[in-house]
>>> print(open('target_17.csv').read())   # CSV, C-alpha atoms
chain,number,residue,atom,x,y,z
A,2,MET,CA,-30.7,56.1,-41.9
A,3,SER,CA,-27.6,54.2,-42.9
A,4,GLY,CA,-26.9,50.7,-41.4
A,5,PRO,CA,-24.0,49.8,-39.1
A,6,PRO,CA,-20.5,49.6,-40.6
A,7,THR,CA,-19.9,46.3,-42.3
A,8,SER,CA,-16.1,46.0,-42.2
A,9,ARG,CA,-13.0,47.2,-40.4
A,10,ARG,CA,-12.3,49.5,-43.4
A,11,ASP,CA,-15.5,51.4,-42.6
A,12,LEU,CA,-14.4,51.9,-39.0
A,13,VAL,CA,-10.8,53.0,-39.8
A,14,PRO,CA,-10.5,55.4,-42.7
A,15,PRO,CA,-7.4,55.1,-44.9
A,16,VAL,CA,-4.5,57.3,-44.0
A,17,SER,CA,-3.7,59.9,-46.6
A,18,GLU,CA,-0.2,61.1,-47.5
A,19,ASP,CA,-0.9,64.4,-45.7
A,20,ASP,CA,-1.8,62.3,-42.6
A,21,ALA,CA,1.6,60.5,-42.8
A,22,GLU,CA,3.4,63.8,-43.0
A,23,GLU,CA,1.4,65.1,-40.0
A,24,LEU,CA,2.3,61.9,-38.1
A,25,TYR,CA,6.0,62.4,-38.9
A,26,GLN,CA,6.1,66.1,-37.9
A,27,ASN,CA,4.0,65.8,-34.7
A,28,ALA,CA,4.9,62.3,-33.6
A,29,PRO,CA,5.2,61.8,-29.8
A,30,CYS,CA,9.0,61.6,-30.2
A,31,GLY,CA,11.6,63.5,-32.1
A,32,TYR,CA,12.9,62.3,-35.5
A,33,LEU,CA,16.2,63.2,-37.1
A,34,SER,CA,17.9,62.0,-40.2
A,35,VAL,CA,21.6,62.6,-40.4
A,36,THR,CA,24.4,61.8,-42.9
A,37,PRO,CA,27.0,59.2,-42.1
A,38,THR,CA,29.2,62.0,-41.0
A,39,GLY,CA,26.5,63.3,-38.6
A,40,THR,CA,25.2,66.4,-40.4
A,41,ILE,CA,21.4,66.8,-39.8
A,42,VAL,CA,19.4,66.7,-43.1
A,43,ASN,CA,15.9,66.4,-41.6
A,44,VAL,CA,14.2,67.0,-38.3
A,45,ASN,CA,10.5,66.9,-37.2
A,46,ASP,CA,8.5,69.6,-35.5
A,47,THR,CA,8.3,67.6,-32.2
A,48,PHE,CA,12.1,67.8,-31.8
A,49,LEU,CA,12.1,71.5,-32.6
A,50,ARG,CA,9.3,72.2,-30.1
A,51,TRP,CA,11.0,70.3,-27.3
A,52,THR,CA,14.4,71.9,-27.8
A,53,GLY,CA,13.5,75.4,-29.1
A,54,TRP,CA,15.8,75.1,-32.1
A,55,GLU,CA,14.8,76.5,-35.5
A,56,ARG,CA,14.8,74.2,-38.5
A,57,ASP,CA,17.2,76.6,-40.4
A,58,ASP,CA,19.6,76.4,-37.5
A,59,LEU,CA,20.0,72.7,-37.8
A,60,VAL,CA,19.3,71.3,-41.2
A,61,GLY,CA,22.5,71.3,-43.3
A,62,ARG,CA,24.2,73.4,-40.6
A,63,ARG,CA,24.9,71.3,-37.5
A,64,ARG,CA,26.0,67.8,-36.8
A,65,PHE,CA,23.9,65.8,-34.3
A,66,ALA,CA,26.8,65.5,-31.9
A,67,GLU,CA,27.0,69.3,-31.7
A,68,LEU,CA,23.6,69.3,-30.0
A,69,LEU,CA,24.8,67.2,-27.2
A,70,SER,CA,26.3,68.2,-23.8
A,71,PRO,CA,30.1,67.9,-23.5
A,72,GLY,CA,29.9,64.5,-21.8
A,73,GLY,CA,27.4,63.4,-24.4
A,74,ARG,CA,29.7,64.4,-27.3
A,75,LEU,CA,32.5,62.3,-25.8
A,76,TYR,CA,30.1,59.4,-25.3
A,77,HIS,CA,28.9,59.9,-28.9
A,78,GLU,CA,32.4,59.5,-30.3
A,79,THR,CA,33.7,56.7,-28.0
A,80,HIS,CA,30.6,54.5,-27.7
A,81,TYR,CA,27.5,55.6,-29.7
A,82,MET,CA,29.1,55.8,-33.2
A,83,PRO,CA,31.4,52.7,-32.8
A,84,LEU,CA,28.4,50.6,-31.7
A,85,LEU,CA,26.2,52.0,-34.5
A,86,GLN,CA,28.9,51.2,-37.1
A,87,MET,CA,29.4,47.6,-35.7
A,88,GLN,CA,25.8,46.7,-34.9
A,89,GLY,CA,23.8,48.9,-37.3
A,90,GLN,CA,21.7,50.1,-34.4
A,91,VAL,CA,21.8,51.4,-30.8
A,92,ARG,CA,18.9,51.5,-28.3
A,93,GLU,CA,18.1,53.6,-25.2
A,94,ILE,CA,21.2,55.6,-25.1
A,95,ALA,CA,20.9,58.3,-22.3
A,96,LEU,CA,22.1,61.7,-23.5
A,97,GLU,CA,21.4,65.4,-22.9
A,98,VAL,CA,20.5,67.8,-25.8
A,99,MET,CA,21.7,71.4,-25.3
A,100,VAL,CA,18.9,73.9,-26.1
A,101,PRO,CA,19.5,77.5,-27.2
A,102,ASP,CA,19.0,79.0,-23.8
A,103,GLY,CA,21.8,76.9,-22.4
A,104,SER,CA,19.7,74.4,-20.5
A,105,ARG,CA,19.7,70.6,-21.1
A,106,LEU,CA,17.0,68.2,-22.2
A,107,PRO,CA,17.5,64.7,-21.0
A,108,VAL,CA,16.7,62.2,-23.7
A,109,LEU,CA,16.8,58.6,-24.7
A,110,VAL,CA,18.1,57.9,-28.2
A,111,ASN,CA,17.5,55.0,-30.6
A,112,ALA,CA,19.2,55.0,-33.9
A,113,VAL,CA,19.6,52.8,-37.0
A,114,LEU,CA,22.3,53.0,-39.7
A,115,GLU,CA,20.9,52.3,-43.2
A,116,ARG,CA,23.3,51.1,-45.9
A,117,ASP,CA,23.0,50.9,-49.7
A,118,GLU,CA,23.3,47.9,-52.0
A,119,VAL,CA,27.1,47.8,-51.6
A,120,GLU,CA,26.9,48.1,-47.8
A,121,ALA,CA,28.1,51.7,-47.7
A,122,ALA,CA,26.6,53.9,-45.0
A,123,ARG,CA,23.7,55.9,-46.5
A,124,VAL,CA,21.8,57.6,-43.7
A,125,ILE,CA,21.3,57.4,-39.9
A,126,ARG,CA,17.7,57.5,-38.6
A,127,ILE,CA,17.5,58.8,-35.0
A,128,VAL,CA,14.5,58.7,-32.7
A,129,VAL,CA,14.6,60.9,-29.6
A,130,PHE,CA,12.4,60.4,-26.5
A,131,ASP,CA,11.9,63.1,-23.8
A,132,ALA,CA,13.3,61.5,-20.6
A,133,THR,CA,12.6,64.5,-18.3
A,134,GLU,CA,10.1,62.6,-16.2
A,135,ARG,CA,12.2,59.4,-16.3
A,136,ARG,CA,15.3,61.3,-15.1
A,137,ALA,CA,13.3,63.0,-12.3
A,138,TYR,CA,12.1,59.5,-11.3
A,139,GLU,CA,15.6,58.1,-11.4
A,140,ARG,CA,16.9,61.0,-9.4
A,141,GLU,CA,14.2,60.5,-6.8
A,142,LEU,CA,15.0,56.8,-6.7
A,143,LEU,CA,18.7,57.6,-6.2
A,144,ARG,CA,17.8,60.1,-3.4
A,145,ALA,CA,15.6,57.5,-1.8
A,146,LYS,CA,18.4,54.9,-2.0
A,147,GLU,CA,20.8,57.4,-0.5
A,148,ARG,CA,18.3,58.2,2.3
A,149,ALA,CA,17.8,54.5,3.0
A,150,GLU,CA,21.6,53.9,3.1
A,151,ASP,CA,22.1,56.8,5.4
A,152,SER,CA,19.3,55.6,7.6
A,153,GLU,CA,20.8,52.1,7.6
A,154,ARG,CA,24.2,53.5,8.6
A,155,ARG,CA,22.7,55.5,11.4
A,156,ALA,CA,20.7,52.4,12.6
A,157,ARG,CA,23.9,50.4,12.6
A,158,SER,CA,25.8,53.1,14.5
A,159,LEU,CA,23.0,53.3,17.0
A,160,ALA,CA,22.9,49.5,17.3
A,161,ARG,CA,26.6,49.4,17.9
A,162,THR,CA,26.4,52.2,20.5
A,163,LEU,CA,23.5,50.6,22.3
A,164,GLN,CA,25.2,47.2,22.2
A,165,ARG,CA,28.3,48.6,23.9
A,166,THR,CA,26.2,50.0,26.7
A,167,LEU,CA,24.9,46.4,27.3
A,168,LEU,CA,28.4,44.9,27.8
A,169,PRO,CA,31.1,45.7,30.4
A,170,PRO,CA,32.9,48.8,29.4
A,171,SER,CA,36.3,47.1,30.0
A,172,THR,CA,37.7,43.7,30.7
A,173,PRO,CA,37.7,43.2,34.5
A,174,SER,CA,40.9,42.5,36.3
A,175,ILE,CA,40.4,39.6,38.7
A,176,PRO,CA,43.5,38.8,40.9
A,177,GLY,CA,44.3,35.1,40.4
A,178,LEU,CA,42.0,34.6,37.5
A,179,GLU,CA,42.5,35.3,33.8
A,180,PHE,CA,39.3,36.7,32.3
A,181,ALA,CA,38.5,36.8,28.6
A,182,ALA,CA,35.3,37.5,26.7
A,183,ALA,CA,33.9,38.1,23.2
A,184,PHE,CA,30.7,39.1,21.6
A,185,ARG,CA,29.9,38.9,17.9
A,186,PRO,CA,26.4,39.9,16.5
A,187,ALA,CA,24.8,37.9,13.8
A,188,GLY,CA,25.0,39.2,10.2
A,189,GLU,CA,26.2,42.7,9.9
A,190,GLY,CA,25.1,43.8,13.3
A,191,ALA,CA,22.3,46.1,12.1
A,192,GLU,CA,20.2,45.3,15.2
A,193,VAL,CA,21.0,45.0,18.9
A,194,GLY,CA,21.8,41.4,19.6
A,195,GLY,CA,20.2,39.2,22.2
A,196,ASP,CA,23.4,37.8,23.7
A,197,PHE,CA,25.2,39.6,26.6
A,198,TYR,CA,27.7,39.0,29.4
A,199,ASP,CA,28.7,40.8,32.5
A,200,ALA,CA,31.4,40.5,35.2
A,201,PHE,CA,31.6,42.5,38.4
A,202,GLN,CA,32.9,42.4,41.9
A,203,VAL,CA,30.6,42.0,44.9
A,204,ALA,CA,33.1,42.1,47.7
A,205,ALA,CA,36.8,41.4,48.3
A,206,ASP,CA,37.7,38.1,46.4
A,207,ASP,CA,34.0,37.7,45.5
A,208,TRP,CA,33.0,38.0,41.8
A,209,VAL,CA,30.0,37.3,39.7
A,210,VAL,CA,30.1,36.4,36.0
A,211,VAL,CA,26.9,36.2,34.0
A,212,LEU,CA,26.3,35.2,30.4
A,213,GLY,CA,22.8,35.3,28.9
A,214,ASP,CA,20.7,35.1,25.7
A,215,VAL,CA,17.6,37.2,25.4
A,216,CYS,CA,14.7,36.2,23.2
A,217,GLY,CA,14.6,38.3,20.0
A,218,LYS,CA,16.6,41.3,18.8
A,219,GLY,CA,16.4,45.0,18.6
A,220,VAL,CA,14.9,47.4,21.2
A,221,GLU,CA,12.8,44.8,22.9
A,222,ALA,CA,15.9,42.6,23.4
A,223,ALA,CA,17.9,45.6,24.7
A,224,ILE,CA,15.2,46.3,27.3
A,225,VAL,CA,15.3,42.7,28.6
A,226,THR,CA,19.1,42.7,28.5
A,227,ALA,CA,19.4,45.9,30.5
A,228,LEU,CA,16.8,44.7,32.9
A,229,ALA,CA,18.5,41.4,33.4
A,230,ARG,CA,22.0,42.9,33.9
A,231,HIS,CA,20.8,45.5,36.4
A,232,THR,CA,18.5,43.1,38.3
A,233,ILE,CA,21.3,40.6,38.8
A,234,ARG,CA,23.7,43.3,39.9
A,235,ALA,CA,21.2,44.6,42.4
A,236,VAL,CA,20.1,41.3,44.0
A,237,VAL,CA,23.4,39.5,44.3
A,238,VAL,CA,24.5,41.8,47.1
A,239,GLY,CA,22.0,40.2,49.4
A,240,MET,CA,21.7,36.8,47.7
A,241,HIS,CA,24.8,34.6,47.7
A,242,ALA,CA,23.4,31.7,45.6
A,243,PRO,CA,23.0,32.1,41.9
A,244,SER,CA,19.7,30.2,42.2
A,245,GLN,CA,18.3,33.0,44.4
A,246,ALA,CA,19.3,35.7,41.9
A,247,LEU,CA,17.8,33.8,39.0
A,248,SER,CA,14.5,33.4,41.0
A,249,ALA,CA,14.5,37.1,41.7
A,250,LEU,CA,15.1,37.9,38.0
A,251,ASN,CA,12.3,35.4,37.0
A,252,GLU,CA,9.8,37.4,39.1
A,253,VAL,CA,11.0,40.7,37.7
A,254,LEU,CA,10.5,39.5,34.1
A,255,LEU,CA,7.1,38.0,34.8
A,256,ARG,CA,5.9,41.4,36.0
A,257,GLN,CA,6.8,43.1,32.8
A,258,ASP,CA,4.4,43.8,30.0
A,259,GLY,CA,4.9,41.5,27.0
A,260,TYR,CA,6.5,38.1,26.5
A,261,ARG,CA,10.0,38.7,27.7
A,262,TYR,CA,12.3,35.9,28.7
A,263,CYS,CA,15.9,34.9,28.6
A,264,THR,CA,18.4,32.1,29.3
A,265,LEU,CA,21.2,32.8,31.6
A,266,ALA,CA,24.3,31.1,33.1
A,267,MET,CA,25.8,32.6,36.3
A,268,ALA,CA,28.9,31.8,38.3
A,269,ARG,CA,29.7,33.2,41.8
A,270,LEU,CA,33.5,33.0,42.2
A,271,GLN,CA,35.1,33.3,45.6
A,272,ARG,CA,38.8,33.2,46.5
A,273,ARG,CA,39.8,31.3,49.7
A,274,PRO,CA,42.6,32.5,52.0
A,275,ASP,CA,44.9,29.8,50.6
A,276,GLY,CA,44.5,31.2,47.1
A,277,THR,CA,42.2,28.5,45.7
A,278,TRP,CA,38.9,29.4,44.1
A,279,HIS,CA,35.4,28.1,44.7
A,280,ALA,CA,32.6,28.5,42.2
A,281,THR,CA,28.9,28.3,42.6
A,282,LEU,CA,27.1,27.8,39.3
A,283,GLY,CA,23.4,28.4,38.4
A,284,SER,CA,21.6,28.1,35.1
A,285,GLY,CA,18.2,29.2,33.7
A,286,GLY,CA,17.5,27.4,30.5
A,287,HIS,CA,21.1,27.9,29.3
A,288,PRO,CA,23.8,25.5,28.0
A,289,ALA,CA,25.9,24.3,30.9
A,290,PRO,CA,29.4,25.8,31.2
A,291,LEU,CA,32.4,23.6,30.2
A,292,LEU,CA,35.2,23.0,32.7
A,293,SER,CA,38.6,21.9,31.4
A,294,HIS,CA,41.3,20.5,33.7
A,295,PRO,CA,44.9,20.5,32.3
A,296,GLY,CA,45.4,17.4,30.2
A,297,GLU,CA,41.7,16.3,30.5
A,298,ASP,CA,38.7,16.7,28.2
A,299,ALA,CA,36.3,19.6,28.8
A,300,VAL,CA,33.2,18.5,30.6
A,301,PRO,CA,29.8,20.2,31.3
A,302,VAL,CA,29.3,21.4,34.9
A,303,GLY,CA,26.0,22.5,36.3
A,304,GLY,CA,22.5,21.8,34.9
A,305,VAL,CA,20.4,23.6,32.4
A,306,GLY,CA,17.4,24.6,34.5
A,307,PRO,CA,14.1,26.3,33.5
A,308,LEU,CA,13.9,29.4,31.3
A,309,VAL,CA,13.9,32.7,33.1
A,310,GLY,CA,10.7,34.8,32.8
A,311,VAL,CA,8.3,32.1,31.5
A,312,LEU,CA,6.7,30.3,34.5
A,313,ASP,CA,5.8,31.3,38.1
A,314,ALA,CA,6.6,28.1,40.0
A,315,VAL,CA,10.2,27.3,39.0
A,316,GLU,CA,13.2,26.0,40.9
A,317,PHE,CA,16.7,26.9,40.1
A,318,VAL,CA,19.6,24.6,41.3
A,319,ASP,CA,23.1,25.5,42.3
A,320,ARG,CA,26.2,23.5,41.5
A,321,GLU,CA,29.4,23.8,43.7
A,322,ILE,CA,32.8,23.2,42.2
A,323,ASP,CA,36.4,23.8,43.2
A,324,LEU,CA,38.9,25.2,40.7
A,325,ARG,CA,42.4,24.0,40.4
A,326,THR,CA,45.4,25.7,38.9
A,327,GLY,CA,45.2,25.7,35.1
A,328,ASP,CA,41.4,25.0,35.1
A,329,VAL,CA,39.5,26.8,32.4
A,330,LEU,CA,35.8,27.5,32.9
A,331,THR,CA,34.0,28.5,29.7
A,332,LEU,CA,30.5,30.0,29.4
A,333,PHE,CA,28.9,30.3,25.9
A,334,THR,CA,25.6,31.0,24.2
A,335,ASP,CA,23.8,28.6,21.9
A,336,GLY,CA,25.0,30.7,18.9
A,337,VAL,CA,28.2,28.6,19.4
A,338,THR,CA,26.9,25.0,19.7
A,339,GLU,CA,23.8,25.6,17.4
A,340,ALA,CA,25.8,27.2,14.6
A,341,ARG,CA,24.9,25.6,11.3
A,342,ARG,CA,26.7,24.8,8.1
A,343,ASN,CA,24.0,23.5,5.8
A,344,ARG,CA,22.5,20.7,8.0
A,345,GLU,CA,25.6,20.2,10.1
A,346,LEU,CA,25.6,21.6,13.7
A,347,TYR,CA,28.8,22.9,15.2
A,348,GLY,CA,27.9,21.0,18.4
A,349,GLU,CA,29.3,20.6,21.9
A,350,ASP,CA,31.8,17.9,20.9
A,351,ARG,CA,33.6,20.3,18.5
A,352,LEU,CA,33.5,23.0,21.1
A,353,ARG,CA,35.1,20.8,23.7
A,354,ARG,CA,37.9,19.8,21.4
A,355,CYS,CA,38.5,23.5,20.5
A,356,ILE,CA,38.7,24.5,24.2
A,357,GLN,CA,41.0,21.6,25.0
A,358,ARG,CA,43.4,22.5,22.2
A,359,HIS,CA,43.7,26.1,23.3
A,360,SER,CA,43.4,25.9,27.1
A,361,GLU,CA,46.8,27.4,27.7
A,362,SER,CA,44.9,30.7,28.4
A,363,ALA,CA,41.4,32.1,28.6
A,364,ALA,CA,42.1,34.5,25.8
A,365,ALA,CA,43.3,31.7,23.6
A,366,VAL,CA,40.1,29.8,24.2
A,367,VAL,CA,37.8,32.8,23.4
A,368,ASP,CA,39.8,33.7,20.3
A,369,ALA,CA,39.9,30.2,19.0
A,370,VAL,CA,36.3,29.3,19.6
A,371,LEU,CA,35.0,32.6,18.0
A,372,ALA,CA,37.3,32.1,15.0
A,373,ASP,CA,36.3,28.4,14.6
A,374,VAL,CA,32.5,29.2,14.8
A,375,VAL,CA,32.8,32.1,12.3
A,376,ALA,CA,34.8,29.9,9.9
A,377,PHE,CA,32.4,27.0,10.4
A,378,GLN,CA,29.6,29.3,9.0
A,379,GLY,CA,31.6,30.7,6.2
A,380,ASP,CA,32.2,34.1,7.9
A,381,ASN,CA,28.4,34.7,8.1
A,382,LEU,CA,27.1,34.2,11.6
A,383,ARG,CA,23.4,33.3,11.6
A,384,ASP,CA,23.0,33.9,15.4
A,385,ASP,CA,24.7,36.1,18.0
A,386,VAL,CA,27.7,34.6,19.7
A,387,ALA,CA,29.0,35.4,23.2
A,388,ILE,CA,31.8,33.6,25.0
A,389,VAL,CA,33.3,34.0,28.5
A,390,SER,CA,36.3,32.1,29.7
A,391,LEU,CA,38.2,32.1,33.0
A,392,ARG,CA,41.4,30.4,33.8
A,393,LEU,CA,42.8,29.9,37.4
A,394,LEU,CA,46.4,31.2,37.5
A,395,PRO,CA,49.2,29.6,39.5
A,396,THR,CA,49.4,31.0,43.0
>>> encode(input="target_17.csv", output="structure tokens")
Amino acid sequence: MSGPPTSRRDLVPPVSEDDAEELYQNAPCGYLSVTPTGTIVNVNDTFLRWTGWERDDLVGRRRFAELLSPGGRLYHETHYMPLLQMQGQVREIALEVMVPDGSRLPVLVNAVLERDEVEAARVIRIVVFDATERRAYERELLRAKERAEDSERRARSLARTLQRTLLPPSTPSIPGLEFAAAFRPAGEGAEVGGDFYDAFQVAADDWVVVLGDVCGKGVEAAIVTALARHTIRAVVVGMHAPSQALSALNEVLLRQDGYRYCTLAMARLQRRPDGTWHATLGSGGHPAPLLSHPGEDAVPVGGVGPLVGVLDAVEFVDREIDLRTGDVLTLFTDGVTEARRNRELYGEDRLRRCIQRHSESAAAVVDAVLADVVAFQGDNLRDDVAIVSLRLLPT
């Protein structure tokens, strides 16, 4: 019995010249040699098997470019050959080889240009890789990308449609009051936002304005938003004070499955016989509205109060105010005051100054505040923004 091999040479026998020829002819890739003008002078068996061409059909008879699809021939002349002439090599050029039956074989091509001693082009060595599986994978990736983009478009459309159902269908017309509102979702609006507002008439010269911010986004936020809007609309008919309506909403949210809560500011607006307006304000964990008198700084009115839908034993408080001609009452979500630019907050002081500069109309206030917040964040809102403004018109 012979002993174990004593060297690497014993393990790997030397490759003969016949083996080298076998490796060339049956390599796992196609090999072609072509003249500087492109005529094929040598081709291995692998390329012939892949394409179905006969050796006699190619060697000395066809140029490599003639085997390519029409688009490939154009690319060969405008990109492939110029790059090969300048750089001496090209890598991973995606082409299609036409086969005798008229079908196409997707391939990746590497090539080198060999030159003689005086730098004249001598021969072009071409290596061809079958890219059928790769192309199929790329096509599947493209289809997956298209499906994802289509799904995203449909999700955005659905989000926009659902968002519209959670806001008043039209701007209410309140005799004696100018009403303006705006809502802008964060980012690109791919999800239903958590901010909402509502305005509706309870009786003659009796209106309710609500602005809220629901925890979270998406379907869960939409559920809470719809629940909050419809609950407030239902209970205010028999409950005059906003604090009573907020208490009722708090009980409703606590009875729901899951952790659902919101912040909410509410104003009950009533017109007196002499044309003046009286407002009763209530808040549940929401930033206090700002009231701007003509020629005076905007000031917060009403408290913050507890969150709605978190605790059982909570007490909401009302604040009574009279509105004078030219007064502007602005409700907003924390997407305004807590807007960030790096570490800087937009803040309430900046909001007050913006309101004061544009208090000639409710619409001017809403447009200016929204534009200022968006610009502050470089046109990329990080949080939803909702703004409602009311201005008492001259009698």
>>> atom_distance(input="target_17.csv", atom1="CA of Trp278 (chain A)", atom2="CA of Arg351 (chain A)")
27.7 Å
>>> closest_residue(input="target_17.csv", among="A:Pro186, A:Val315, A:Val370, A:Arg50", to="Gln26 (chain A)", atoms="only C-alpha atoms")
A:Arg50
>>> residues_around(input="target_17.csv", residues="Gly213 (chain A)", least_positions_apart="3", cutoff="7 Å", atoms="all atoms listed in the file", output="list in words")
Asp196, Phe197, Tyr198, Cys263, Thr264, Leu265, Ala266 and Thr334 of chain A
>>> atom_distance(input="target_17.csv", atom1="CA of Leu371 (chain A)", atom2="CA of Val203 (chain A)")
28.8 Å
>>> residues_near_point(input="target_17.csv", point="(8.3, 44.5, 34.2)", cutoff="12 Å", atoms="only C-alpha atoms", output="ChimeraX atom specification")
/A:224-225,227-229,232,250-262,310
>>> atom_distance(input="target_17.csv", atom1="CA of Leu109 (chain A)", atom2="CA of Leu143 (chain A)")
18.6 Å
>>> residues_around(input="target_17.csv", residues="Leu391 (chain A)", least_positions_apart="5", cutoff="7 Å", atoms="all atoms listed in the file", output="PDB file with C-alpha atoms, in the coordinates of the input")
ATOM      1  CA  LEU A 178      42.000  34.600  37.500  1.00  0.00           C
ATOM      2  CA  GLU A 179      42.500  35.300  33.800  1.00  0.00           C
ATOM      3  CA  PHE A 180      39.300  36.700  32.300  1.00  0.00           C
ATOM      4  CA  ALA A 181      38.500  36.800  28.600  1.00  0.00           C
ATOM      5  CA  VAL A 329      39.500  26.800  32.400  1.00  0.00           C
ATOM      6  CA  LEU A 330      35.800  27.500  32.900  1.00  0.00           C
ATOM      7  CA  THR A 331      34.000  28.500  29.700  1.00  0.00           C
ATOM      8  CA  ALA A 363      41.400  32.100  28.600  1.00  0.00           C
TER       9      ALA A 363
END
>>> closest_atom_pairs(input="target_17.csv", of="region 123-240 of chain A", to="region 93-108 of chain A", cutoff="10 Å", atoms="all atoms listed in the file", output="JSON lines")
{"residue": "A:Val128", "atom": "CA", "partner": "A:Glu93", "partner_atom": "CA", "distance": 9.8}
{"residue": "A:Val129", "atom": "CA", "partner": "A:Val108", "partner_atom": "CA", "distance": 6.4}
{"residue": "A:Phe130", "atom": "CA", "partner": "A:Val108", "partner_atom": "CA", "distance": 5.4}
{"residue": "A:Asp131", "atom": "CA", "partner": "A:Val108", "partner_atom": "CA", "distance": 4.9}
{"residue": "A:Ala132", "atom": "CA", "partner": "A:Val108", "partner_atom": "CA", "distance": 4.7}
{"residue": "A:Thr133", "atom": "CA", "partner": "A:Pro107", "partner_atom": "CA", "distance": 5.6}
{"residue": "A:Glu134", "atom": "CA", "partner": "A:Pro107", "partner_atom": "CA", "distance": 9.1}
{"residue": "A:Arg135", "atom": "CA", "partner": "A:Pro107", "partner_atom": "CA", "distance": 8.8}
{"residue": "A:Arg136", "atom": "CA", "partner": "A:Pro107", "partner_atom": "CA", "distance": 7.2}
{"residue": "A:Ala137", "atom": "CA", "partner": "A:Pro107", "partner_atom": "CA", "distance": 9.8}
>>> closest_residue(input="target_17.csv", among="A:Leu282, A:Ala200, A:Val309, A:Ile175", to="Leu394 (chain A)", atoms="all atoms listed in the file")
A:Ile175
